[in-house]
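**Q** Can you read through this structure? Questions will come right after.
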Amino acid sequence: MSMFKRDSGIANSALVVNVSAEDFGAQPLDGVEFQRQYERLAFALGGGNYHAPAQNFASFLAKSTPDLTSLVQGSYRPGLTACALDKVLPGYVTDTLRQGIVSFGKKLTGYDDGGALLTGVETRTSAPVRIERDRQSYVSVTHDLLYPCGEGAGYAGGIMSAALDGYHVARAIMTRFAPIK
């Protein structure tokens with residue numbers, strides 16, 4: 001996690017569960033309302049004072065009384081409130097998170113040992129909309145000189161996938177406008 005020199009000793013990372021229109025509705029703004037619903041719930045269950053609801057892996061996996069004991073101190077400011085994340089997120093999300101944590105723990109020893117801290121609700125890993133583009137040329141299907149790219153256009157969900165998408169779009173632009181001879 002970055003606090004200028006990126007030497008805090010804390011990983012700023014996320015566990016992501018895919019949600020789709022089947023989960024929140026097909027109307028254009030249903031996804032935004034879905035996000036707002038869980039943000040409001042997290043605010044309320046965090047105490048209504050901008051503290052984030054949080055729970056360590058051990059209590060989350062065991063579905064036991066929420067606990068903030070972890071191997072590192074939480075870095076979220078203004079603070080954390082112990083809260084069962086099952087009250088903050090839909091069941092299919094928490095069930096999928098538990099399955100993912102256990103599965104990853106089988107691949108990386110110690111990952112699911114209970115010492116990590118789950119903090120808050122991250123509702124925006126990528127754009128809630130996607131600007132359509134041609135699969136081969138990467139150009140917008142509606143605007144010939146527009147090249148939708150990265151998270152804001154709905155084609156990435158993080159730094160690495162956005163970088164890779166940018167690379168492919170840049171290559172498509174170079175191929176079209178300045179081909180290597």
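Residues are referred to by chain and number: the chain letter is A, B, ... according to the order shown in the structure tokens, the number counts from 1 in that chain, and ligands are numbered separately from 1 in the order shown.
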Give me the residues near A:Gly47 as a PyMOL selection string, where near means some atom within 8 Å (using only C-alpha atoms) and where sequence neighbours in that chain fewer than 4 positions away do not count.
**A** chain A and resi 43+51+81
**Q** When distances are computed from only C-alpha atoms, which of A:Gly150, A:Gly158, A:Pro78, A:Gly115 shows the smallest separation from A:Tyr50?
**A** A:Pro78
**Q** List as a list of chain:residue names the protein and nucleic acid residues near A:Thr69, meaning an atom at most 10 Å away when only C-alpha atoms are counted, but skip any in the same chain fewer than 3 places from it.
**A**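 Answer for this query is A:Gln55, A:Asn56, A:Phe57, A:Ala58, A:Ser59, A:Pro66, A:Val72, A:Gln73, A:Gly74, A:Ala82, A:Gly114, A:Gly115, A:Ala116, A:Leu117.
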**Q** With C-alpha atoms retained, export the selected residues as a PDB file, in the first residue's frame.
**A**
ATOM      1  CA  GLN A  55     -13.949  -8.328   9.922  1.00  0.00           C
ATOM      2  CA  ASN A  56     -10.902 -10.573  10.036  1.00  0.00           C
ATOM      3  CA  PHE A  57     -10.668 -13.679   7.842  1.00  0.00           C
ATOM      4  CA  ALA A  58     -11.031 -16.069  10.785  1.00  0.00           C
ATOM      5  CA  SER A  59     -14.360 -14.704  12.005  1.00  0.00           C
ATOM      6  CA  PRO A  66     -16.910 -10.186  14.015  1.00  0.00           C
ATOM      7  CA  VAL A  72      -1.538  -5.953  10.708  1.00  0.00           C
ATOM      8  CA  GLN A  73      -3.378  -2.919  11.974  1.00  0.00           C
ATOM      9  CA  GLY A  74      -6.060  -1.649   9.632  1.00  0.00           C
ATOM     10  CA  ALA A  82     -16.300  -4.690  13.714  1.00  0.00           C
ATOM     11  CA  GLY A 114      -7.362 -15.918   9.518  1.00  0.00           C
ATOM     12  CA  GLY A 115      -4.835 -13.145  10.079  1.00  0.00           C
ATOM     13  CA  ALA A 116      -5.953 -10.822   7.281  1.00  0.00           C
ATOM     14  CA  LEU A 117      -8.548  -8.106   7.617  1.00  0.00           C
TER      15      LEU A 117
END
**Q** Within 12 Å of A:His168, counting only C-alpha atoms, which residues qualify if same-chain residues fewer than 2 places away don't, as a list in words?
**A** Arg135, Gln136, Ser137, Tyr138, Val139, Tyr147, Pro148, Cys149, Gly150, Tyr155, Ser161, Ala162, Ala163, Leu164, Asp165, Gly166, Ala170, Arg171, Ala172, Ile173, Met174 and Thr175 of chain A
**Q** Neighbouring residues of A:Asp112 were defined as those with any atom within 12 Å, considering only C-alpha atoms; residues of the same chain fewer than 6 positions away were excluded. Please report them as a PyMOL selection string.
**A** chain A and resi 56-62+97-106+118
**Q** Limited to all heavy atoms, could you put the picked residues into a file as a CSV table (one decimal), in the first residue's frame?
**A**
chain,number,residue,atom,x,y,z
A,56,ASN,N,-12.1,-9.8,10.4
A,56,ASN,CA,-10.9,-10.6,10.0
A,56,ASN,C,-11.3,-11.9,9.3
A,56,ASN,O,-12.5,-12.3,9.4
A,56,ASN,CB,-10.0,-10.8,11.2
A,56,ASN,CG,-10.5,-11.8,12.3
A,56,ASN,OD1,-11.5,-12.5,12.0
A,56,ASN,ND2,-9.9,-11.7,13.4
A,57,PHE,N,-10.4,-12.5,8.6
A,57,PHE,CA,-10.7,-13.7,7.8
A,57,PHE,C,-11.2,-14.8,8.7
A,57,PHE,O,-12.2,-15.5,8.4
A,57,PHE,CB,-9.4,-14.2,7.2
A,57,PHE,CG,-9.1,-13.8,5.8
A,57,PHE,CD1,-9.8,-12.7,5.2
A,57,PHE,CD2,-8.2,-14.5,5.0
A,57,PHE,CE1,-9.5,-12.3,3.9
A,57,PHE,CE2,-8.0,-14.1,3.7
A,57,PHE,CZ,-8.6,-13.0,3.2
A,58,ALA,N,-10.6,-15.0,9.9
A,58,ALA,CA,-11.0,-16.1,10.8
A,58,ALA,C,-12.5,-16.0,11.2
A,58,ALA,O,-13.3,-17.0,11.0
A,58,ALA,CB,-10.2,-16.1,12.0
A,59,SER,N,-13.0,-14.8,11.6
A,59,SER,CA,-14.4,-14.7,12.0
A,59,SER,C,-15.3,-14.7,10.8
A,59,SER,O,-16.4,-15.2,10.9
A,59,SER,CB,-14.6,-13.5,12.9
A,59,SER,OG,-14.3,-12.3,12.2
A,60,PHE,N,-14.8,-14.2,9.7
A,60,PHE,CA,-15.6,-14.2,8.4
A,60,PHE,C,-15.8,-15.6,7.9
A,60,PHE,O,-16.9,-16.0,7.7
A,60,PHE,CB,-14.9,-13.3,7.4
A,60,PHE,CG,-15.6,-13.4,6.0
A,60,PHE,CD1,-16.8,-12.7,5.9
A,60,PHE,CD2,-15.1,-14.0,5.0
A,60,PHE,CE1,-17.5,-12.7,4.6
A,60,PHE,CE2,-15.8,-14.0,3.7
A,60,PHE,CZ,-16.9,-13.4,3.6
A,61,LEU,N,-14.7,-16.4,7.9
A,61,LEU,CA,-14.8,-17.8,7.4
A,61,LEU,C,-15.7,-18.6,8.3
A,61,LEU,O,-16.4,-19.5,7.8
A,61,LEU,CB,-13.4,-18.4,7.2
A,61,LEU,CG,-12.6,-17.8,6.1
A,61,LEU,CD1,-11.2,-18.4,6.2
A,61,LEU,CD2,-13.2,-18.1,4.8
A,62,ALA,N,-15.6,-18.4,9.6
A,62,ALA,CA,-16.3,-19.2,10.6
A,62,ALA,C,-17.8,-18.7,10.8
A,62,ALA,O,-18.5,-19.3,11.5
A,62,ALA,CB,-15.6,-19.2,11.9
A,97,LEU,N,-17.0,-15.2,-1.8
A,97,LEU,CA,-15.8,-14.7,-1.1
A,97,LEU,C,-15.2,-15.8,-0.3
A,97,LEU,O,-14.0,-16.1,-0.3
A,97,LEU,CB,-16.0,-13.5,-0.3
A,97,LEU,CG,-16.2,-12.2,-1.0
A,97,LEU,CD1,-16.6,-11.1,0.0
A,97,LEU,CD2,-14.9,-11.8,-1.7
A,98,ARG,N,-16.0,-16.5,0.5
A,98,ARG,CA,-15.5,-17.6,1.4
A,98,ARG,C,-14.9,-18.7,0.5
A,98,ARG,O,-13.9,-19.2,0.8
A,98,ARG,CB,-16.7,-18.1,2.3
A,98,ARG,CG,-17.0,-17.3,3.4
A,98,ARG,CD,-18.0,-17.9,4.4
A,98,ARG,NE,-18.3,-17.0,5.5
A,98,ARG,CZ,-19.3,-16.1,5.4
A,98,ARG,NH1,-20.1,-16.0,4.4
A,98,ARG,NH2,-19.5,-15.3,6.4
A,99,GLN,N,-15.6,-19.1,-0.5
A,99,GLN,CA,-15.1,-20.1,-1.4
A,99,GLN,C,-13.8,-19.7,-2.0
A,99,GLN,O,-12.9,-20.5,-2.1
A,99,GLN,CB,-16.1,-20.4,-2.5
A,99,GLN,CG,-17.4,-21.1,-2.0
A,99,GLN,CD,-18.5,-21.2,-3.1
A,99,GLN,OE1,-18.2,-20.8,-4.3
A,99,GLN,NE2,-19.6,-21.6,-2.7
A,100,GLY,N,-13.7,-18.5,-2.4
A,100,GLY,CA,-12.4,-18.0,-3.0
A,100,GLY,C,-11.3,-18.0,-2.0
A,100,GLY,O,-10.2,-18.4,-2.4
A,101,ILE,N,-11.5,-17.5,-0.8
A,101,ILE,CA,-10.5,-17.5,0.2
A,101,ILE,C,-10.0,-18.9,0.5
A,101,ILE,O,-8.8,-19.2,0.5
A,101,ILE,CB,-11.0,-16.8,1.5
A,101,ILE,CG1,-11.3,-15.3,1.2
A,101,ILE,CG2,-10.0,-17.0,2.7
A,101,ILE,CD1,-12.1,-14.6,2.3
A,102,VAL,N,-10.9,-19.8,0.7
A,102,VAL,CA,-10.5,-21.2,1.0
A,102,VAL,C,-9.8,-21.8,-0.2
A,102,VAL,O,-8.7,-22.5,-0.1
A,102,VAL,CB,-11.8,-22.1,1.4
A,102,VAL,CG1,-11.4,-23.6,1.4
A,102,VAL,CG2,-12.4,-21.6,2.7
A,103,SER,N,-10.3,-21.6,-1.4
A,103,SER,CA,-9.6,-22.1,-2.6
A,103,SER,C,-8.2,-21.6,-2.8
A,103,SER,O,-7.3,-22.3,-3.0
A,103,SER,CB,-10.5,-21.8,-3.9
A,103,SER,OG,-9.8,-22.2,-5.0
A,104,PHE,N,-8.1,-20.3,-2.6
A,104,PHE,CA,-6.8,-19.7,-2.7
A,104,PHE,C,-5.8,-20.2,-1.6
A,104,PHE,O,-4.6,-20.3,-1.8
A,104,PHE,CB,-6.9,-18.1,-2.7
A,104,PHE,CG,-5.7,-17.5,-3.4
A,104,PHE,CD1,-5.5,-17.6,-4.8
A,104,PHE,CD2,-4.9,-16.7,-2.7
A,104,PHE,CE1,-4.5,-17.0,-5.4
A,104,PHE,CE2,-3.8,-16.0,-3.4
A,104,PHE,CZ,-3.6,-16.2,-4.7
A,105,GLY,N,-6.4,-20.4,-0.4
A,105,GLY,CA,-5.6,-20.9,0.7
A,105,GLY,C,-5.0,-22.3,0.4
A,105,GLY,O,-3.9,-22.6,0.9
A,106,LYS,N,-5.6,-23.1,-0.5
A,106,LYS,CA,-5.1,-24.4,-0.9
A,106,LYS,C,-3.9,-24.2,-1.8
A,106,LYS,O,-3.1,-25.1,-1.9
A,106,LYS,CB,-6.2,-25.2,-1.5
A,106,LYS,CG,-7.3,-25.6,-0.6
A,106,LYS,CD,-8.4,-26.4,-1.2
A,106,LYS,CE,-9.5,-26.7,-0.2
A,106,LYS,NZ,-10.7,-27.3,-0.9
A,118,LEU,N,-10.6,-8.0,6.3
A,118,LEU,CA,-11.5,-7.6,5.3
A,118,LEU,C,-12.1,-6.3,5.7
A,118,LEU,O,-12.7,-6.2,6.7
A,118,LEU,CB,-12.6,-8.6,5.0
A,118,LEU,CG,-12.1,-10.0,4.5
A,118,LEU,CD1,-13.3,-11.0,4.7
A,118,LEU,CD2,-11.7,-9.9,3.1
**Q** From a DSSP calculation on the backbone, collect every residue of chain A in alpha helix (DSSP H) and output the set as a ChimeraX atom specification.
**A** /A:21-24,30-45,57-62,91-107,159-177
**Q** Which polymer residues have any atom within 12 Å of an atom of A:Glu22, counting only C-alpha atoms, with same-chain residues fewer than 4 positions away left out, as a PyMOL selection string?
**A** chain A and resi 18+26-27+30-31+34
**Q** Looking only at the backbone, which of the residues in stretch 2-139 of chain A does DSSP tag as strand (DSSP E or B), as a PyMOL selection string?
**A** chain A and resi 52-56+80-82+117-119+133
**Q** Since we have the selection now, will you write its residues out, keeping N, CA, C and O atoms, as a CSV table (one decimal), in the first residue's frame?
**A**
chain,number,residue,atom,x,y,z
A,52,ALA,N,-15.4,2.2,8.4
A,52,ALA,CA,-15.7,1.2,7.5
A,52,ALA,C,-16.0,-0.1,8.3
A,52,ALA,O,-15.4,-0.4,9.3
A,53,PRO,N,-17.0,-0.8,7.8
A,53,PRO,CA,-17.3,-2.2,8.5
A,53,PRO,C,-16.1,-3.1,8.1
A,53,PRO,O,-15.6,-3.0,7.0
A,54,ALA,N,-15.7,-3.9,9.1
A,54,ALA,CA,-14.5,-4.7,8.8
A,54,ALA,C,-14.7,-6.0,9.7
A,54,ALA,O,-15.4,-6.0,10.7
A,55,GLN,N,-13.9,-7.0,9.2
A,55,GLN,CA,-13.9,-8.3,9.9
A,55,GLN,C,-12.7,-9.1,9.5
A,55,GLN,O,-12.3,-9.1,8.3
A,56,ASN,N,-12.1,-9.8,10.4
A,56,ASN,CA,-10.9,-10.6,10.0
A,56,ASN,C,-11.3,-11.9,9.3
A,56,ASN,O,-12.5,-12.3,9.4
A,80,LEU,N,-12.3,1.8,11.8
A,80,LEU,CA,-13.1,0.5,11.5
A,80,LEU,C,-14.1,0.2,12.6
A,80,LEU,O,-13.9,0.5,13.7
A,81,THR,N,-15.1,-0.4,12.2
A,81,THR,CA,-16.1,-0.9,13.1
A,81,THR,C,-16.3,-2.4,12.8
A,81,THR,O,-16.5,-2.8,11.7
A,82,ALA,N,-16.1,-3.2,13.9
A,82,ALA,CA,-16.3,-4.7,13.7
A,82,ALA,C,-17.7,-5.0,13.3
A,82,ALA,O,-18.7,-4.5,13.9
A,117,LEU,N,-7.4,-8.9,7.2
A,117,LEU,CA,-8.5,-8.1,7.6
A,117,LEU,C,-9.3,-7.7,6.4
A,117,LEU,O,-8.8,-7.2,5.4
A,118,LEU,N,-10.6,-8.0,6.3
A,118,LEU,CA,-11.5,-7.6,5.3
A,118,LEU,C,-12.1,-6.3,5.7
A,118,LEU,O,-12.7,-6.2,6.7
A,119,THR,N,-11.9,-5.3,4.8
A,119,THR,CA,-12.4,-3.9,5.2
A,119,THR,C,-13.3,-3.4,4.1
A,119,THR,O,-13.0,-3.3,3.0
A,133,ARG,N,-17.0,-1.8,-28.7
A,133,ARG,CA,-15.9,-1.6,-29.7
A,133,ARG,C,-15.8,-2.9,-30.5
A,133,ARG,O,-16.2,-4.0,-30.1
**Q** Could you tell me how far atom CA of A:Gly120 lies from atom CA of A:Ala42, in Å and to one decimal?
**A**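 Atom CA of A:Gly120 sits 6.9 Å away from atom CA of A:Ala42.
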